[in-house]
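File shown: my_file_26.cif (mmCIF, C-alpha atoms).
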data_run
loop_
_atom_site.label_atom_id
_atom_site.label_comp_id
_atom_site.auth_asym_id
_atom_site.auth_seq_id
_atom_site.Cartn_x
_atom_site.Cartn_y
_atom_site.Cartn_z
CA MET O 12 294.20 14.00 156.58
CA SER O 13 292.26 11.11 158.12
CA SER O 14 293.56 7.57 157.83
CA ARG O 15 290.40 6.69 155.85
CA ASN O 16 291.16 9.31 153.18
CA SER O 17 294.80 8.23 153.08
CA GLN O 18 293.81 4.63 152.45
CA ALA O 19 291.36 5.69 149.73
CA ASN O 20 293.99 7.81 148.02
CA LYS O 21 296.47 4.94 148.06
CA ALA O 22 293.87 2.59 146.64
CA ALA O 23 293.03 5.06 143.88
CA ALA O 24 296.74 5.46 143.06
CA ARG O 25 297.19 1.69 142.89
CA GLU O 26 294.18 1.44 140.57
CA ARG O 27 295.54 4.12 138.29
CA LEU O 28 298.93 2.36 138.19
CA ARG O 29 297.26 -0.97 137.44
CA ALA O 30 295.22 0.61 134.64
CA GLU O 31 298.32 2.22 133.14
CA ARG O 32 300.16 -1.12 133.28
CA GLU O 33 297.28 -2.91 131.57
CA LYS O 34 297.14 -0.19 128.93
CA GLN O 35 300.88 -0.44 128.31
CA ALA O 36 300.70 -4.23 128.25
CA LYS O 37 298.03 -4.08 125.55
CA LYS O 38 300.19 -1.70 123.52
CA ASP O 39 303.21 -3.96 123.89
CA LYS O 40 301.14 -7.01 122.87
CA ALA O 41 299.77 -5.21 119.82
CA ARG O 42 303.29 -4.11 118.86
CA ARG O 43 304.59 -7.67 119.18
CA GLN O 44 301.75 -8.95 117.02
CA VAL O 45 302.55 -6.39 114.34
CA LEU O 46 306.24 -7.33 114.42
CA VAL O 47 305.46 -11.05 114.27
CA ALA O 48 303.03 -10.53 111.42
CA GLY O 49 305.60 -8.43 109.56
CA ALA O 50 308.23 -11.09 110.07
CA VAL O 51 305.88 -13.78 108.79
CA VAL O 52 305.07 -11.70 105.72
CA ALA O 53 308.79 -11.10 105.13
CA VAL O 54 309.59 -14.80 105.45
CA LEU O 55 306.74 -15.71 103.11
CA ALA O 56 307.85 -13.05 100.64
CA LEU O 57 311.42 -14.28 100.79
CA ALA O 58 310.30 -17.86 100.34
CA GLY O 59 308.07 -16.83 97.47
CA GLY O 60 310.92 -14.86 95.89
CA VAL O 61 313.32 -17.77 96.22
CA GLY O 62 310.69 -20.11 94.85
CA TYR O 63 310.06 -17.81 91.89
CA ALA O 64 313.79 -17.50 91.26
CA VAL O 65 314.19 -21.27 91.34
CA VAL O 66 311.29 -21.73 88.93
CA GLN O 67 312.68 -19.06 86.60
CA ALA O 68 316.16 -20.58 86.75
CA ASN O 69 314.72 -23.92 85.70
CA GLN O 70 312.79 -22.42 82.79
CA PRO O 71 314.25 -23.20 79.34
CA SER O 72 316.17 -20.29 77.83
CA GLU O 73 315.33 -18.62 74.54
CA TRP O 74 317.92 -20.79 72.83
CA ASP O 75 316.78 -23.97 74.58
CA LYS O 76 313.34 -23.29 73.15
CA ALA O 77 314.80 -22.47 69.74
CA ALA O 78 316.35 -25.93 69.46
CA ASP O 79 312.85 -27.44 69.46
CA ALA O 80 311.09 -24.66 67.57
CA THR O 81 309.68 -24.99 64.08
CA LEU O 82 312.38 -24.23 61.56
CA VAL O 83 311.85 -21.06 59.54
CA ALA O 84 314.46 -20.61 56.82
CA PRO O 85 315.08 -17.16 55.35
CA LYS O 86 314.36 -16.41 51.74
CA ASN O 87 317.34 -16.63 49.39
CA THR O 88 318.54 -19.91 50.89
CA SER O 89 318.56 -23.50 49.67
CA GLY O 90 319.69 -26.96 50.76
CA ASP O 91 318.92 -28.86 53.96
CA ASN O 92 317.16 -26.60 56.47
CA GLY O 93 317.88 -23.60 54.25
CA THR O 94 321.49 -23.53 55.41
CA THR O 95 323.04 -23.10 51.96
CA VAL O 96 323.62 -19.39 51.43
CA VAL O 97 325.18 -18.63 48.06
CA ILE O 98 325.40 -15.05 46.81
CA GLY O 99 326.65 -13.84 43.45
CA LYS O 100 326.03 -14.00 39.73
CA ALA O 101 324.67 -17.29 38.46
CA GLU O 102 327.24 -17.40 35.66
CA ALA O 103 330.18 -17.25 38.10
CA LYS O 104 331.86 -20.65 37.83
CA LYS O 105 333.80 -20.59 41.10
CA THR O 106 332.50 -20.45 44.66
CA LEU O 107 334.43 -19.04 47.62
CA GLU O 108 333.28 -20.55 50.90
CA VAL O 109 333.56 -18.07 53.77
CA TYR O 110 333.42 -19.41 57.34
CA GLU O 111 332.90 -16.74 60.00
CA ASP O 112 331.76 -16.32 63.61
CA SER O 113 330.06 -12.99 64.26
CA ARG O 114 331.93 -12.50 67.55
CA CYS O 115 335.33 -13.30 66.02
CA PRO O 116 337.73 -10.31 66.20
CA VAL O 117 339.94 -11.69 63.41
CA CYS O 118 336.85 -12.04 61.21
CA SER O 119 336.17 -8.38 61.91
CA GLN O 120 339.71 -7.44 60.86
CA PHE O 121 339.46 -9.66 57.78
CA GLU O 122 336.16 -8.11 56.70
CA GLN O 123 337.46 -4.58 57.21
CA ALA O 124 340.61 -5.31 55.20
CA VAL O 125 339.39 -7.69 52.48
CA GLY O 126 335.59 -7.32 52.47
CA PRO O 127 335.57 -4.55 49.84
CA GLN O 128 337.72 -6.71 47.52
CA ILE O 129 335.36 -9.66 47.96
CA LYS O 130 332.37 -7.45 47.12
CA LYS O 131 334.16 -6.16 44.02
CA ASP O 132 334.96 -9.72 42.91
CA VAL O 133 331.41 -10.96 43.50
CA ASP O 134 329.84 -7.96 41.74
CA GLY O 135 332.20 -8.58 38.82
CA GLY O 136 331.27 -12.24 38.55
CA LYS O 137 334.75 -13.54 39.42
CA TYR O 138 333.20 -15.99 41.89
CA LYS O 139 330.16 -16.49 44.09
CA ILE O 140 330.44 -16.69 47.86
CA GLN O 141 328.91 -19.30 50.12
CA TYR O 142 328.52 -18.11 53.69
CA ILE O 143 328.77 -20.54 56.61
CA GLY O 144 328.06 -19.01 60.02
CA ALA O 145 329.66 -20.35 63.20
CA THR O 146 328.73 -19.82 66.85
CA PHE O 147 331.52 -21.64 68.69
CA LEU O 148 332.66 -18.48 70.50
CA ASP O 149 329.42 -18.51 72.50
CA LYS O 150 330.53 -21.83 73.94
CA GLY O 151 334.09 -20.72 74.54
CA MET O 152 333.36 -17.26 75.94
CA GLY O 153 329.84 -17.73 77.28
CA GLY O 154 326.83 -15.79 76.08
CA THR O 155 324.62 -15.88 73.02
CA GLY O 156 325.92 -13.05 70.84
CA ALA O 157 327.18 -15.20 67.97
CA LYS O 158 323.88 -17.06 67.71
CA ASN O 159 321.83 -13.90 68.05
CA ALA O 160 323.82 -12.07 65.37
CA LEU O 161 323.55 -15.08 63.05
CA SER O 162 319.78 -15.09 63.58
CA ALA O 163 319.67 -11.37 62.75
CA LEU O 164 321.73 -12.04 59.62
CA GLY O 165 319.06 -14.55 58.67
CA ALA O 166 316.45 -11.82 59.05
CA ALA O 167 318.56 -9.57 56.78
CA LEU O 168 318.95 -12.37 54.23
CA ASN O 169 315.18 -12.73 54.21
CA VAL O 170 315.05 -9.11 52.99
CA SER O 171 317.67 -9.58 50.26
CA PRO O 172 321.18 -10.93 49.63
CA GLU O 173 322.39 -7.34 49.32
CA ALA O 174 320.93 -6.43 52.72
CA PHE O 175 322.61 -9.51 54.19
CA LEU O 176 326.05 -8.51 52.87
CA GLU O 177 325.67 -4.87 53.92
CA TYR O 178 324.51 -5.88 57.39
CA LYS O 179 327.39 -8.33 57.76
CA THR O 180 329.79 -5.55 56.81
CA ALA O 181 328.20 -3.25 59.39
CA LEU O 182 328.42 -5.88 62.15
CA TYR O 183 332.13 -6.38 61.50
CA SER O 184 332.96 -2.69 61.17
CA LYS O 185 335.47 -1.13 63.54
CA GLU O 186 332.76 1.17 64.92
CA ASN O 187 330.30 -1.61 65.72
CA HIS O 188 332.18 -4.81 66.45
CA PRO O 189 332.61 -5.45 70.19
CA GLU O 190 335.55 -7.01 71.95
CA GLU O 191 335.55 -10.80 71.86
CA ARG O 192 334.42 -11.14 75.49
CA ASP O 193 331.84 -8.37 75.25
CA ASP O 194 328.55 -10.10 74.40
CA LYS O 195 326.88 -6.99 72.94
CA PHE O 196 325.45 -8.92 69.99
CA ALA O 197 323.25 -10.80 72.47
CA LYS O 198 321.16 -7.63 72.76
CA ASP O 199 318.51 -7.17 70.08
CA ASP O 200 318.54 -3.41 70.60
CA TYR O 201 322.20 -3.25 69.65
CA LEU O 202 321.70 -5.39 66.55
CA LEU O 203 318.79 -3.18 65.47
CA LYS O 204 320.84 -0.04 66.07
CA ILE O 205 323.49 -1.36 63.69
CA ALA O 206 320.80 -2.36 61.20
CA ASP O 207 319.74 1.28 60.95
CA GLN O 208 322.99 1.82 59.04
CA VAL O 209 321.68 -0.39 56.22
CA PRO O 210 319.08 1.42 54.07
CA ALA O 211 317.08 -1.73 53.31
CA LEU O 212 316.81 -2.56 57.03
CA LYS O 213 316.29 0.88 58.56
CA GLY O 214 312.64 1.24 59.53
CA ASN O 215 311.91 -2.25 58.18
CA ALA O 216 309.15 -3.48 60.51
CA GLU O 217 309.29 -7.08 59.26
CA PHE O 218 313.03 -7.28 59.85
CA LYS O 219 312.70 -5.71 63.32
CA LYS O 220 309.98 -8.16 64.32
CA ALA O 221 312.00 -11.12 63.08
CA VAL O 222 315.00 -10.04 65.19
CA GLU O 223 312.95 -9.40 68.33
CA ASP O 224 310.87 -12.57 67.94
CA GLY O 225 313.89 -14.75 67.18
CA THR O 226 312.20 -15.96 63.99
CA TYR O 227 315.47 -17.36 62.63
CA ASN O 228 316.94 -18.65 65.89
CA ARG O 229 316.40 -22.29 64.93
CA TRP O 230 317.91 -21.57 61.52
CA ALA O 231 320.99 -20.08 63.22
CA ILE O 232 321.37 -23.27 65.26
CA GLU O 233 321.12 -25.41 62.13
CA MET O 234 323.60 -23.18 60.28
CA SER O 235 326.12 -23.49 63.12
CA LYS O 236 325.83 -27.28 62.85
CA VAL O 237 327.02 -27.00 59.25
CA PHE O 238 330.17 -25.29 60.49
CA ASP O 239 330.65 -27.88 63.24
CA LYS O 240 330.57 -30.64 60.62
CA SER O 241 332.80 -28.81 58.14
CA GLY O 242 336.10 -29.82 59.70
CA MET O 243 337.08 -26.18 60.16
CA THR O 244 338.63 -25.41 63.53
CA GLY O 245 338.57 -21.62 63.49
CA THR O 246 337.41 -18.47 61.78
CA PRO O 247 337.83 -16.84 59.39
CA SER O 248 338.42 -19.81 57.08
CA LEU O 249 338.20 -19.97 53.31
CA LYS O 250 337.71 -22.65 50.69
CA MET O 251 337.56 -22.36 46.93
CA ASP O 252 335.31 -25.04 45.49
CA GLY O 253 335.93 -27.19 48.55
CA LYS O 254 339.70 -26.73 48.74
CA LYS O 255 341.06 -24.78 51.69
CA ILE O 256 343.05 -21.64 50.94
CA ASP O 257 345.09 -19.50 53.30
CA VAL O 258 343.43 -16.44 54.77
CA LYS O 259 345.24 -13.27 53.77
CA MET O 260 344.76 -9.94 55.49
CA THR O 261 345.51 -7.56 52.62
CA PRO O 262 343.55 -7.22 49.36
CA GLU O 263 346.69 -7.89 47.29
CA GLU O 264 347.66 -11.08 49.12
CA PHE O 265 344.05 -12.22 49.18
CA THR O 266 343.66 -11.71 45.44
CA ALA O 267 346.87 -13.62 44.76
CA ALA O 268 345.71 -16.56 46.90
CA VAL O 269 342.27 -16.62 45.25
CA ASP O 270 343.75 -16.39 41.74
CA LYS O 271 346.04 -19.30 42.52
CA ALA O 272 343.07 -21.34 43.77
CA ILE O 273 341.01 -20.49 40.69
CA ALA O 274 343.87 -21.50 38.42
CA GLY O 275 343.97 -24.83 40.20
#

Entire entry expressed as structure tokens:
Amino acid sequence: MSSRNSQANKAAARERLRAEREKQAKKDKARRQVLVAGAVVAVLALAGGVGYAVVQANQPSEWDKAADATLVAPKNTSGDNGTTVVIGKAEAKKTLEVYEDSRCPVCSQFEQAVGPQIKKDVDGGKYKIQYIGATFLDKGMGGTGAKNALSALGAALNVSPEAFLEYKTALYSKENHPEERDDKFAKDDYLLKIADQVPALKGNAEFKKAVEDGTYNRWAIEMSKVFDKSGMTGTPSLKMDGKKIDVKMTPEEFTAAVDKAIAG
């Protein structure tokens, strides 16, 4: 091989190597650009996500909004803000005030044990009942179940007093009532599932809409204020015509306490 051909071959080899290096350099540059662009997009997405989360966290909750919402009182109520709920025969001379928090486990036990006796007494005209709903367990345990259940009870009361009492019984039943720290009543789906056990509420589109829309949320807030101002410190609590009576957990003891209160 002549020296001229050898030099030419070397030059051609160097050119090929240079071309390959340039080609690889372009690939590497393009790859870096893609990675940088991806990183920028990821950072922007993360920033956007954080920003969205911050905005959402600062949005007023359903119950914050309810405090300023227009008050809608259920049918079958009276008094200031529709917070007087009295159920029973008009001719009944005595009124038993019943103070309950929907999340209260002792209220659940009380209703299971004594609820049927109360219904029998009310149906027989022995006394009327005035219901006062509390929501203090939401504050103590966290969550919104007490308020949400009270709002749903308002929707049931709007259907009828009978639907209200049957729904209250269903909420407190052993099968349906959650543990005190389990905020299941905060979920509309669960409240509606329980409502299906009440004939007047099952398939009732107006009731369902009221629960899902929170129609009576403001009313529930106003009702809970009545409890807060009542001087009662726990639930269940009972008064007969304004005078406190001891809560009894058997029908016989309950009847004896009520009869004593009626007798004065």

(request) Decode the PyMOL selection byres ((chain O and resi 112-128) around 9) for the given file into explicit residues and return them as a PyMOL selection string. (result) chain O and resi 110-111+129-133+143-149+156-158+160-161+179-180+182-185+188-194+196+245-248+258-263+265-266

(request) Find the residue from O:Met234, O:Asp200, O:Pro210, O:Ala77 that sits nearest to Ser89 of chain O; use only C-alpha atoms when measuring. (result)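 Of O:Met234, O:Asp200, O:Pro210, O:Ala77, the one nearest Ser89 of chain O, counting only C-alpha atoms, is O:Met234.
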
(message) With distances taken over all atoms listed in the file, which residue among O:Val109, O:Ala211, O:Ala80, O:Val269 lies nearest Ala174 of chain O?
(response)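 Of the candidates, the smallest distance to Ala174 of chain O is held by O:Ala211.
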
(message) Just checking: using all atoms listed in the file, which residue out of O:Thr244, O:Asn159, O:Asn87, O:Ser72 ends up closest to Glu173 of chain O?
(response) O:Asn87

(request) Between O:Asp79, O:Asp199, O:Glu102, O:Glu177, single out the one closest to Arg229 of chain O, counting all atoms listed in the file. (result) O:Asp79

(message) Report, in Å to a single decimal, how far apart atom CA of Glu73 of chain O and atom CA of Ala216 of chain O are.
(response) 21.5 Å

(request) Work out how far atom CA of Gly136 of chain O is from atom CA of Lys100 of chain O, in Å to one decimal. (result)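 Going from atom CA of Lys100 of chain O over to atom CA of Gly136 of chain O covers 5.7 Å.
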